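Peer 1: Can you keep this structure in mind? I'll have questions shortly.
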Amino acid sequence: MASQLGSESLQALVLAALDIAKNATIHDTRQLALSPDGKTLAGDAPEDQLAVKGALDSLALKEMVVIKINTLEPHVLTAEGLSLSQTGSQEYQVWSALDKTTPTTIKDIEAKVGKDTAKIGQGKAMKNKWVGKQGDGFVRLVEDVKDETKEQLLEVQNTGVHATAAVLNDLKKRKLVEKKKLFYYSVTKGPEFSATLQKQEADLTVELLQSGAWEKASFKKYNFNAEGVAPDSGALHPLMKVREEFRNIFFEMGFSEMPTNRFVESGFWNFDSLFVPQQHPAREVQDTFYIKDPIESTGYPKDYYERVRKVHETGGFGSVGYKYPFSAPETSRLVLRTHTTAVSSAMLYEIANQPGGFKPAKLFSIDRVFRNEAVDATHLAEFHQVEGVIADYGLTLGDLIGFMEIFFAKMGITGLRFKPAYNPYTEPSLEIFSYHEGLKKWVEIGNSGMFRPEMLEPMGLPKDVRVHGWGLSLERPTMIRYGISNIRDLLGHKVPLAMIEKSAAVRF
Amino acid sequence: MPTITVDRKDFFERIGRDYTAKEFDELLFEYGLELDEDTTTDPDHPAGEPHQLKIEVPANRYDLLCTEGISRALKHYLNPNLGVPTYTLKPAPATAQIRPYFACAILRNVKFNKISYDSFIDLQDKLHQNLARKRTLVAVGTHDLDKIAPGEISYEALPPSQIKFAPLNKQQVYDANELMTLYKEDKHLSKYLHIIENSPVFPIIYSSERKVLSMPPIINSDGTKISVATQNIFIDVTATDETKLGFVMDVLVTMFSEYCSEPFTVEPVRVEYTDASPGGARTVITPNLAARPFLARTSYINSCTGLSLDRPAVIENLRKMGLDAFVPIPGQEFKALNESGLVIAEEDLIHILVPPTRPDILHECDIMEDAAVAYGFNNLKRTFPSTNTVAKPFPINKLGDVMRRQCSEAGWLEVLPLTLCSHDENFKFLNRKDPGDIAVVLANPKTIEYQIVRTSLLPGLLKTVRENRKHALPLRIFEVSDVVLKDPKAERQSRNVRRVAGIYCGRKAGFEISQGLVDRLMLALGVPNITNSKDKETGFYIKAVEDATYFPDRSAQIWYRPPAVAGAHVVFAPVASADESNAGAAAPSAATPAEPPSKLDSVKEAISSVLPSSASSRDILIGSVGILHPSVLKAYELDYPASSFEFDLEPFL
């Protein structure tokens with residue numbers, strides 16, 4: 001019943017009841033009178049007591065009352081138990097259905113008392129020697145019986161328990177009785193008790209301020225444990241926040257951004273110009289996305305193409321070359337760039353052939369690349385590559401290593417180690433390792449190297465110009481920064497928007 | 001990178017001392033190798049099982065694909081005065097007369113044990129997988145020479161029905177067609193069938209008695225099978241690439257000739273090519289095994305590394321790496337392969353004989369690298385390049401970033417969907433027709449998710465909304481990124497176009513909310529709204545045009561009128577939404593699928609629809625805004641209404 005009343009009415013009822021209660025205590029909220037005549041009580045159903053609890057909690061928060069919860073676990077009759085307590089036990093019903101002399105068949109008993117009752121009752125009545133078998137039926141053996149089961153059920157119904165534990169267990173086993181959980185409250189006056197509910201203000205409003213009512217008004221206690229209201233705000237994607245940090249590092253170090261807005265490349269710029277042989281595994285269809293439409297690239301610089309073809313096929317520029325037949329169709333095939341180095345290559349060619357000739361340059365890019373890889377927790381068909389290039393006269397390997405130290409130190413990564421590695425377009429090639437405190441091991445954080453003379457000299461760069469290059473993925477440091485273990489939770493349409501909304505700002 | 005597994009005890013016996021896992025890891029790291037695993041550090045390694053080392057080697061070092069090669073390399077690295085092994089060639093009777101690219105060799109009086117035999121078999125497999133590009137370029141067969149009848153061996157190409165033999169580990173004789181069927185089910189061999197499957201003739205090697213030795217690159221015959229007890233080994237190598245044929249043969253025999261009774265002795269075989277060969281009729285002695293002469297300059301090595309070593313120190317470093325480097329011997333003719341016409345001072349020059357195991361050396365820079373590895377990358381003095389340059393952002397990226405910040409300041413959320421999508425997502429789901437000349441189509445995607453490169457940002461945004469159904473509404477998401485359009489005028493036949501697009505999704509579609517962000521972005525670009533004052537010199541306006549992607553009467557084009565000042569802006573062609581507007585213009589009546597008007601038509605129409613001022617001739621259609629059509633929402637499984645916008649940023653550069 002209580003659940004049908006609003007919280008405010010219930011609060012008022014409680015205060016009024018408490019005001020007149022003996023010893024200033026409501027002992028049992030199940031007995032709380034809801035109607036003026038005192039006939040409608042709050043009730044003992046859990047939903048009723050929950051409604052009472054809502055009202056009591058509000059009052060307790062205002063310190064008007066002090067509440068105490070009491071729990072009970074009485075035994076009550078099940079629906080079947082309730083029915084047997086009225087009709088008598090199954091064995092009693094079977095006994096009642098029989099005659100003293102004329103046998104009644106089991107079919108007739110079933111017809112009189114029902115199939116289930118007949119089955120259980122017949123067995124029990126036989127066991128109690130109330131009835132006996134005669135011919136193909138049953139007869140009464142005794143004229144008078146005492147239906148103990150019914151009496152036991154009535155005792156439980158009245159007292160919530162049975163004096164004999166064994167009986168109680170038996171009734172529970174027969175699913176006639178079950179245990180029920182109930183709760184109710186005892187209520188006493190709190191320090192702020194008042195017989196009536198005074199309206200409390202939630203906030204300082206313009207009306208309270210302008211009328212001056214704020215001086216007399218009572219204000220609700222503020223819940224400082226609750227969170228503030230989230231502002232209605234947009235957000236930048238965390239991968240782009242890390243990109244911005246990288247971009248800033250490059251700008252701080254004097255690097256200009258390369259025009260990487262070109263996803264489609266030719267085999268020529270993506271591989272051949274970088275001195276990647278045409279049979280290199282990276283060029284296989286399971287690693288590179290080839291393009292069906294449009295079909296082929298046209299018009300790369302003819303003289304340069306010839307020099308590239310020759311250095312692959314027969315060597316030159318101090319190289320013996322790869323010595324294989326260079327395929328023109330392979331060079332013209334279009335691909336989705338597998339690395340932004342395709343753009344670096346075109347930029348270096350441009351720098352070599354710009355008006356006034358070569359001038360030292362520092363270049364970088366952060367953009368998307370494509371690999372025809374099976375998608376898993378660490379691989380996507382698309383990801384972002386961070387790449388840097390320095391071109392100048394007389395650069396040394398010591399310069400590259402020293403530069404890497406400063407570059408990574410800007411991200412807080414120090415104590416680098418360099419491992420000799422293989423890359424078709426750089427020699428030497430160096431994998432960059434840093435010690436990971438969490439994993440307690442050296443982890444690879446990037447790749448670097450000096451571009452091969454076979455790649456640079458055919459472009460027309462002077463012999464003593466050396467070019468450093470390095471690269472890393474943007475996703476990996478971002479995943480480490482945000483503790484993301486699956487790349488699909490970072491890039492693509494399956495990314496949860498909540499992750500974007502809640503990701504912290506990045507400061508390297 | 002290939003990973004080589006070697007027996008730990010055997011390996012450390014070969015290099016002459018024991019190492020802890022940590023020490024060994026350090027040694028390998030400096031050499032450019034990686035210790036993947038030392039089973040002594042694995043608590044789960046079964047007791048009593050021999051311990052193993054798993055070593056990752058670089059993809060270009062074919063000489064490091066077996067225990068023999070790695071241990072030999074490290075032995076030199078640790079003790080450069082050991083001397084470089086040399087290989088003796090002994091003449092043998094000519095045996096072969098064949099077709100392009102074939103090589104063979106004989107290893108006599110070989111003594112294998114279990115470890116070295118397994119290593120021999122494993123090296124063949126590693127070479128097949130790496131250098132031989134899964135047997136497409138090169139295939140190796142090894143045979144028990146004592147089971148081959150003496151006399152000429154022939155390498156032929158015959159129709160498969162004429163080839164009959166019992167293949168390795170089978171007693172039954174099959175013809176080649178039956179073999180191809182048989183191996184279709186074989187997990188290991190089925191990968192190689194495609195190499196010859198469609199050829200009318202299959203390569204086949206016969207002994208003088210017409211007994212089959214191998215059917216390269218698929219399988220050897222059972223009759224000449226080798227075992228750990230085999231003493232004399234005949235190696236056949238067939239190839240489609242002559243250079244790699246030589247590499248494979250040289251690596252195989254130089255590694256395993258160490259088990260011959262007279263170590264490093266190989267019996268060569270003469271191969272006689274006929275006119276039919278790509279190289280013409282000629283006789284070739286295989287294996288070649290010749291060291292390749294290279295030159296290097298002390299000054300070059302120093303200037304590349306930043307070191308200042310003298311010539312003997314450089315030579316010692318090179319010898320450490322197994323290169324036979326020395327001071328030029330006066331009077332000795334030395335024709336270096338990498339002679340580049342440089343004038344080199346006498347005292348600067350170093351002569352190097354590169355062993356046949358090192359085909360990766362192509363240029364003086366490869367020798368420089370070996371010197372740097374020997375010195376130790378981590379021992380080099382760390383300097384900083386003096387290159388002094390002024391930085392500059394790429395303009396379209398800068399513009400894109402300005403737009404991104406504006407969108408997020410306006411309360412929109414940035415998302416990053418993928419660039420690749422299915423054809424349906426890009427066209428059909430948006431009620432658009434593929435005009436055939438805008439989308440770049442992939443040839444070999446692994447799934448239909450990656451059929452084409454998107455020509456609109458909408459599919460990715462719609463998919464993002466779909467995947468975030470549980471997120472509280474309304475959603476406001478945007479993306480600033482590239483689409484790719486075909487462009488026959490460009491060298492790569494296509495070009496990227498930077499766009500901004502957004503979707504609002506809530507209990508109502510909210511045209512005015514999407515439009516509101518467009519207004520806001522234009523405000524940021526300093527472009528006034530001239531929708532109600534179309535005679536202005538510059539600005540943007542929106543114009544109601546039916547478009548099948550959008551709801552009827554809730555669909556508009558966005559037009560931009562750039563300033564008239566010549567050269568103030570580079571004005572791009574009306575790129576962005578030509579395809580969308582075309583498809584849209586065709587849509588109003590589904591019953592009459594009219595040919596979409598050309599790009600030019602829509603421009604003309606635009607011109608005639610506004611004031612006949614000269615200013616309007618500059619107008620560019622840059623995008624669209626509208627309430628997404630319920631059929632579009634259905635195609636993307638969205639239950640709530642949504643509006644969207646998309647426009648090109650390039651005209652605002």
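Please note that chains go A, B, ... in the order of the structure tokens, that every chain numbers its residues from 1, and that ligands are numbered from 1 in the order shown.
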Tell me which protein, DNA and RNA residues are within 6 Å of stretch 99-113 of chain B, counting only C-alpha atoms, leaving out same-chain ones fewer than 2 positions away, and put them as number ranges by chain.

Peer 2: B: 115-117, 228, 231-239, 242, 259-261, 266-269, 277, 286

Peer 1: Next, dump the selected residues to file, keeping only C-alpha atoms, as a PDB file, in the first residue's frame.

Peer 2:
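Saved as selection.pdb:
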ATOM      1  CA  ILE B 115      71.885 -32.139 -35.827  1.00  0.00           C
ATOM      2  CA  SER B 116      73.768 -31.343 -39.008  1.00  0.00           C
ATOM      3  CA  TYR B 117      71.433 -33.435 -41.190  1.00  0.00           C
ATOM      4  CA  VAL B 228      71.545 -39.024 -42.298  1.00  0.00           C
ATOM      5  CA  GLN B 231      77.805 -39.973 -47.951  1.00  0.00           C
ATOM      6  CA  ASN B 232      77.749 -38.441 -51.406  1.00  0.00           C
ATOM      7  CA  ILE B 233      75.183 -35.763 -52.127  1.00  0.00           C
ATOM      8  CA  PHE B 234      74.054 -34.552 -55.515  1.00  0.00           C
ATOM      9  CA  ILE B 235      72.361 -31.150 -55.415  1.00  0.00           C
ATOM     10  CA  ASP B 236      70.159 -29.873 -58.234  1.00  0.00           C
ATOM     11  CA  VAL B 237      68.932 -26.313 -58.324  1.00  0.00           C
ATOM     12  CA  THR B 238      66.468 -24.994 -60.893  1.00  0.00           C
ATOM     13  CA  ALA B 239      65.417 -21.416 -61.252  1.00  0.00           C
ATOM     14  CA  GLU B 242      69.755 -16.796 -62.682  1.00  0.00           C
ATOM     15  CA  TYR B 259      81.000 -31.774 -43.330  1.00  0.00           C
ATOM     16  CA  CYS B 260      82.988 -33.220 -46.250  1.00  0.00           C
ATOM     17  CA  SER B 261      85.966 -35.424 -45.374  1.00  0.00           C
ATOM     18  CA  VAL B 266      82.931 -28.996 -53.494  1.00  0.00           C
ATOM     19  CA  GLU B 267      82.800 -30.923 -56.742  1.00  0.00           C
ATOM     20  CA  PRO B 268      81.455 -28.648 -59.430  1.00  0.00           C
ATOM     21  CA  VAL B 269      79.280 -29.660 -62.334  1.00  0.00           C
ATOM     22  CA  SER B 277      68.436 -20.408 -73.143  1.00  0.00           C
ATOM     23  CA  THR B 286      78.373 -24.537 -61.078  1.00  0.00           C
TER      24      THR B 286
END

Peer 1: Give me, as a PyMOL selection string, the contact residues of chain A against chain B at a cut-off of 6 Å, counting only C-alpha atoms.

Peer 2: chain A and resi 233-237+251+254-257+261-262+265+290-293+297-299+318-320+396-399+401-403+419-422+428+491-494

Peer 1: Taking the backbone alone, and naming residues the way the document does, which bits of stretch 422-552 of chain B are helix (DSSP H, G or I) by DSSP, as number ranges by chain?

Peer 2: B: 423-426, 428-430, 448-450, 458-467, 511-525

Peer 1: Give me, as a ChimeraX atom specification, all polymer residues having an atom no more than 9 Å from A:Gly137, counting only C-alpha atoms and skipping those fewer than 5 positions away in the same chain.

Peer 2: /A:102-106,132

Peer 1: Near A:Glu201, within 10 Å and counting only C-alpha atoms, which residues show up once chain neighbours fewer than 2 positions away are dropped, as a list in words?

Peer 2: Gln198, Lys199, Asp203, Leu204, Thr205, Leu208, Trp214, Ala217, Ser218, Phe219, Lys220 and Lys221 of chain A

Peer 1: Please list as a list of chain:residue names every residue within 9 Å of B:Lys225, counting only C-alpha atoms and excluding residues in the same chain fewer than 2 positions away.

Peer 2: B:Thr142, B:His143, B:Asp144, B:Lys147, B:Leu168, B:Asn169, B:Leu213, B:Asn220, B:Ser221, B:Asp222, B:Gly223, B:Ser227, B:Thr230

Peer 1: Can I get the selected residues back with N, CA and C atoms, as a tab-separated table (two decimals), in the first residue's frame?

Peer 2:
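Result file is selection10.tsv:
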chain	number	residue	atom	x	y	z
B	142	THR	N	67.87	-32.47	-53.37
B	142	THR	CA	69.11	-33.12	-52.95
B	142	THR	C	68.93	-34.63	-53.07
B	143	HIS	N	69.98	-35.29	-53.51
B	143	HIS	CA	69.88	-36.72	-53.83
B	143	HIS	C	71.08	-37.47	-53.30
B	144	ASP	N	70.88	-38.79	-53.12
B	144	ASP	CA	72.00	-39.67	-52.80
B	144	ASP	C	72.69	-40.01	-54.11
B	147	LYS	N	72.88	-43.48	-55.56
B	147	LYS	CA	71.67	-44.12	-56.11
B	147	LYS	C	71.37	-43.61	-57.52
B	168	LEU	N	58.85	-38.88	-53.49
B	168	LEU	CA	59.43	-39.02	-52.16
B	168	LEU	C	58.43	-39.62	-51.17
B	169	ASN	N	58.89	-40.63	-50.45
B	169	ASN	CA	58.09	-41.29	-49.40
B	169	ASN	C	56.85	-42.01	-49.93
B	213	LEU	N	64.90	-37.85	-61.12
B	213	LEU	CA	65.53	-37.37	-59.88
B	213	LEU	C	64.54	-36.43	-59.16
B	220	ASN	N	60.86	-34.46	-55.11
B	220	ASN	CA	61.94	-35.33	-55.57
B	220	ASN	C	61.40	-36.74	-55.75
B	221	SER	N	62.22	-37.58	-56.37
B	221	SER	CA	61.84	-38.99	-56.51
B	221	SER	C	62.22	-39.73	-55.23
B	222	ASP	N	61.51	-40.81	-54.97
B	222	ASP	CA	61.82	-41.59	-53.77
B	222	ASP	C	63.12	-42.36	-53.97
B	223	GLY	N	63.44	-42.66	-55.23
B	223	GLY	CA	64.58	-43.53	-55.54
B	223	GLY	C	65.92	-42.98	-55.11
B	227	SER	N	69.48	-39.56	-46.61
B	227	SER	CA	69.23	-39.80	-45.19
B	227	SER	C	70.47	-39.33	-44.43
B	230	THR	N	73.66	-40.78	-45.72
B	230	THR	CA	74.13	-40.52	-47.09
B	230	THR	C	75.54	-39.93	-47.06

Peer 1: Could you pull the residues within 9 Å of stretch 517-531 of chain B, counting only C-alpha atoms, minus those fewer than 2 positions along the same chain, as a PyMOL selection string?

Peer 2: chain B and resi 402-403+406-407+410+412+502+512-515+533-536+538-543+560+562+625+645-647+652

Peer 1: If you keep C-alpha atoms, can you produce a file of those selected residues as a PDB file, in the first residue's frame?

Peer 2:
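This went into again19.pdb:
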ATOM      1  CA  VAL B 402      41.664  24.744 -38.043  1.00  0.00           C
ATOM      2  CA  MET B 403      38.408  23.098 -39.131  1.00  0.00           C
ATOM      3  CA  GLN B 406      36.252  24.543 -34.824  1.00  0.00           C
ATOM      4  CA  CYS B 407      34.109  21.401 -34.976  1.00  0.00           C
ATOM      5  CA  ALA B 410      31.252  23.616 -31.399  1.00  0.00           C
ATOM      6  CA  TRP B 412      31.148  17.846 -32.063  1.00  0.00           C
ATOM      7  CA  GLY B 502      29.508  15.521 -39.950  1.00  0.00           C
ATOM      8  CA  GLU B 512      19.324  23.163 -38.866  1.00  0.00           C
ATOM      9  CA  ILE B 513      21.880  21.580 -36.509  1.00  0.00           C
ATOM     10  CA  SER B 514      24.029  20.197 -39.327  1.00  0.00           C
ATOM     11  CA  GLN B 515      23.504  23.434 -41.235  1.00  0.00           C
ATOM     12  CA  SER B 533      22.099  38.437 -51.006  1.00  0.00           C
ATOM     13  CA  LYS B 534      23.376  36.621 -54.045  1.00  0.00           C
ATOM     14  CA  ASP B 535      24.888  39.695 -55.706  1.00  0.00           C
ATOM     15  CA  LYS B 536      27.755  39.849 -53.196  1.00  0.00           C
ATOM     16  CA  THR B 538      32.236  36.543 -52.293  1.00  0.00           C
ATOM     17  CA  GLY B 539      30.624  34.156 -49.828  1.00  0.00           C
ATOM     18  CA  PHE B 540      28.741  30.879 -49.647  1.00  0.00           C
ATOM     19  CA  TYR B 541      25.091  30.012 -50.143  1.00  0.00           C
ATOM     20  CA  ILE B 542      22.924  26.968 -49.882  1.00  0.00           C
ATOM     21  CA  LYS B 543      20.449  26.007 -52.539  1.00  0.00           C
ATOM     22  CA  TYR B 560      31.126  28.900 -52.711  1.00  0.00           C
ATOM     23  CA  PRO B 562      35.621  32.801 -54.228  1.00  0.00           C
ATOM     24  CA  VAL B 625      23.670  19.258 -46.419  1.00  0.00           C
ATOM     25  CA  PHE B 645      26.800  17.678 -44.295  1.00  0.00           C
ATOM     26  CA  GLU B 646      29.966  17.281 -46.309  1.00  0.00           C
ATOM     27  CA  PHE B 647      32.065  19.795 -48.229  1.00  0.00           C
ATOM     28  CA  PHE B 652      39.527  27.658 -49.115  1.00  0.00           C
TER      29      PHE B 652
END

Peer 1: Can you tell me how far atom CA of A:Arg466 sits from atom CA of A:Gly449, in Å to one decimal?

Peer 2: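 For atom CA of A:Arg466 relative to atom CA of A:Gly449, the distance reads 10.6 Å.
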
Peer 1: Check stretch 218-347 of chain B with DSSP on the backbone and list each residue it calls strand (DSSP E), as a VMD selection string.

Peer 2: chain B and resid 219 to 220 233 to 239 265 to 273 282 to 286 292 to 297 324 to 326

Peer 1: Just to be explicit: take each residue in the selection above, keep N, CA, C and O atoms, and write the result as a short mmCIF file (atom, residue, chain, number, x, y, z; two decimals), in the first residue's frame.

Peer 2:
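The result, stored in selection.cif:
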data_model
loop_
_atom_site.label_atom_id
_atom_site.label_comp_id
_atom_site.auth_asym_id
_atom_site.auth_seq_id
_atom_site.Cartn_x
_atom_site.Cartn_y
_atom_site.Cartn_z
N ILE B 219 58.55 -31.88 -56.18
CA ILE B 219 58.91 -33.04 -55.36
C ILE B 219 60.08 -33.80 -55.99
O ILE B 219 60.28 -33.77 -57.20
N ASN B 220 60.86 -34.46 -55.11
CA ASN B 220 61.94 -35.33 -55.57
C ASN B 220 61.40 -36.74 -55.75
O ASN B 220 60.31 -37.07 -55.28
N ILE B 233 76.44 -36.48 -51.86
CA ILE B 233 75.18 -35.76 -52.13
C ILE B 233 75.25 -35.05 -53.47
O ILE B 233 76.23 -34.36 -53.77
N PHE B 234 74.20 -35.28 -54.26
CA PHE B 234 74.05 -34.55 -55.51
C PHE B 234 72.98 -33.50 -55.31
O PHE B 234 71.89 -33.80 -54.82
N ILE B 235 73.31 -32.25 -55.61
CA ILE B 235 72.36 -31.15 -55.41
C ILE B 235 71.94 -30.62 -56.78
O ILE B 235 72.80 -30.29 -57.60
N ASP B 236 70.62 -30.56 -57.02
CA ASP B 236 70.16 -29.87 -58.23
C ASP B 236 69.41 -28.62 -57.83
O ASP B 236 68.71 -28.60 -56.83
N VAL B 237 69.63 -27.57 -58.59
CA VAL B 237 68.93 -26.31 -58.32
C VAL B 237 68.37 -25.82 -59.65
O VAL B 237 69.10 -25.75 -60.64
N THR B 238 67.08 -25.54 -59.68
CA THR B 238 66.47 -24.99 -60.89
C THR B 238 65.89 -23.63 -60.55
O THR B 238 65.54 -23.39 -59.39
N ALA B 239 65.82 -22.78 -61.58
CA ALA B 239 65.42 -21.42 -61.25
C ALA B 239 64.83 -20.69 -62.44
O ALA B 239 65.05 -21.05 -63.59
N THR B 265 85.33 -28.58 -49.56
CA THR B 265 85.64 -29.03 -50.90
C THR B 265 84.34 -29.39 -51.61
O THR B 265 83.55 -30.17 -51.09
N VAL B 266 84.17 -28.78 -52.75
CA VAL B 266 82.93 -29.00 -53.49
C VAL B 266 83.29 -29.48 -54.88
O VAL B 266 84.22 -28.98 -55.49
N GLU B 267 82.56 -30.47 -55.37
CA GLU B 267 82.80 -30.92 -56.74
C GLU B 267 81.83 -30.21 -57.67
O GLU B 267 80.63 -30.35 -57.53
N PRO B 268 82.38 -29.40 -58.58
CA PRO B 268 81.46 -28.65 -59.43
C PRO B 268 80.91 -29.51 -60.57
O PRO B 268 81.43 -30.58 -60.84
N VAL B 269 79.90 -28.97 -61.22
CA VAL B 269 79.28 -29.66 -62.33
C VAL B 269 79.16 -28.67 -63.47
O VAL B 269 78.92 -27.48 -63.25
N ARG B 270 79.40 -29.17 -64.69
CA ARG B 270 79.34 -28.26 -65.83
C ARG B 270 77.94 -28.29 -66.43
O ARG B 270 77.38 -29.36 -66.66
N VAL B 271 77.40 -27.11 -66.67
CA VAL B 271 76.06 -27.01 -67.25
C VAL B 271 76.19 -26.44 -68.64
O VAL B 271 76.80 -25.40 -68.83
N GLU B 272 75.68 -27.17 -69.63
CA GLU B 272 75.77 -26.69 -71.01
C GLU B 272 74.42 -26.19 -71.48
O GLU B 272 73.49 -26.96 -71.64
N TYR B 273 74.34 -24.86 -71.65
CA TYR B 273 73.09 -24.25 -72.12
C TYR B 273 73.05 -24.32 -73.64
O TYR B 273 74.07 -24.21 -74.30
N ARG B 282 75.96 -21.64 -74.00
CA ARG B 282 77.19 -21.39 -73.24
C ARG B 282 77.37 -22.49 -72.23
O ARG B 282 76.43 -23.25 -71.94
N THR B 283 78.57 -22.57 -71.69
CA THR B 283 78.86 -23.57 -70.67
C THR B 283 79.15 -22.84 -69.37
O THR B 283 79.89 -21.88 -69.34
N VAL B 284 78.52 -23.31 -68.31
CA VAL B 284 78.69 -22.65 -67.02
C VAL B 284 79.14 -23.69 -66.01
O VAL B 284 78.61 -24.80 -65.99
N ILE B 285 80.16 -23.36 -65.23
CA ILE B 285 80.58 -24.26 -64.16
C ILE B 285 79.80 -23.87 -62.89
O ILE B 285 79.83 -22.71 -62.49
N THR B 286 79.10 -24.84 -62.32
CA THR B 286 78.37 -24.54 -61.08
C THR B 286 78.86 -25.46 -59.97
O THR B 286 79.23 -26.59 -60.27
N ARG B 292 83.77 -12.17 -54.70
CA ARG B 292 83.56 -11.02 -55.57
C ARG B 292 84.43 -9.86 -55.09
O ARG B 292 84.38 -9.48 -53.92
N PRO B 293 85.26 -9.32 -56.00
CA PRO B 293 86.15 -8.22 -55.60
C PRO B 293 85.40 -6.89 -55.47
O PRO B 293 84.66 -6.51 -56.36
N PHE B 294 85.55 -6.21 -54.33
CA PHE B 294 84.99 -4.88 -54.10
C PHE B 294 86.08 -3.96 -53.60
O PHE B 294 87.06 -4.41 -53.01
N LEU B 295 85.87 -2.67 -53.83
CA LEU B 295 86.80 -1.73 -53.21
C LEU B 295 86.03 -0.85 -52.22
O LEU B 295 84.82 -0.66 -52.35
N ALA B 296 86.77 -0.35 -51.25
CA ALA B 296 86.17 0.59 -50.31
C ALA B 296 87.23 1.61 -49.93
O ALA B 296 88.43 1.34 -50.02
N ARG B 297 86.75 2.79 -49.54
CA ARG B 297 87.68 3.86 -49.15
C ARG B 297 87.62 4.05 -47.63
O ARG B 297 86.54 4.17 -47.07
N ASP B 324 87.00 -10.63 -46.59
CA ASP B 324 88.45 -10.78 -46.79
C ASP B 324 89.00 -9.43 -47.27
O ASP B 324 89.17 -9.21 -48.47
N ALA B 325 89.25 -8.53 -46.30
CA ALA B 325 89.71 -7.18 -46.64
C ALA B 325 91.22 -7.10 -46.47
O ALA B 325 91.78 -7.72 -45.57
N PHE B 326 91.87 -6.34 -47.36
CA PHE B 326 93.33 -6.21 -47.26
C PHE B 326 93.81 -4.95 -47.96
O PHE B 326 93.10 -4.37 -48.78
#

Peer 1: To one decimal in Å, tell me the separation between atom CA of B:Glu537 and atom CA of B:Ala564.

Peer 2: 7.1 Å

Peer 1: Skip A:Gln86 itself and residues of its chain fewer than 4 positions away, then list as a PyMOL selection string all residues within 10 Å of it, counting only C-alpha atoms.

Peer 2: chain A and resi 81-82+150+153-154

Peer 1: Restricting the calculation to only C-alpha atoms, which member of B:Ile350, B:Leu123, B:Ile218, B:Leu182 is positioned closest to B:His194?

Peer 2: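 Among B:Ile350, B:Leu123, B:Ile218, B:Leu182, it is B:Ile218 that comes nearest to B:His194.
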
Peer 1: What does the structure give for the distance between atom CA of B:Asp63 and atom CA of B:Thr357, in Å to one decimal?

Peer 2: 5.2 Å
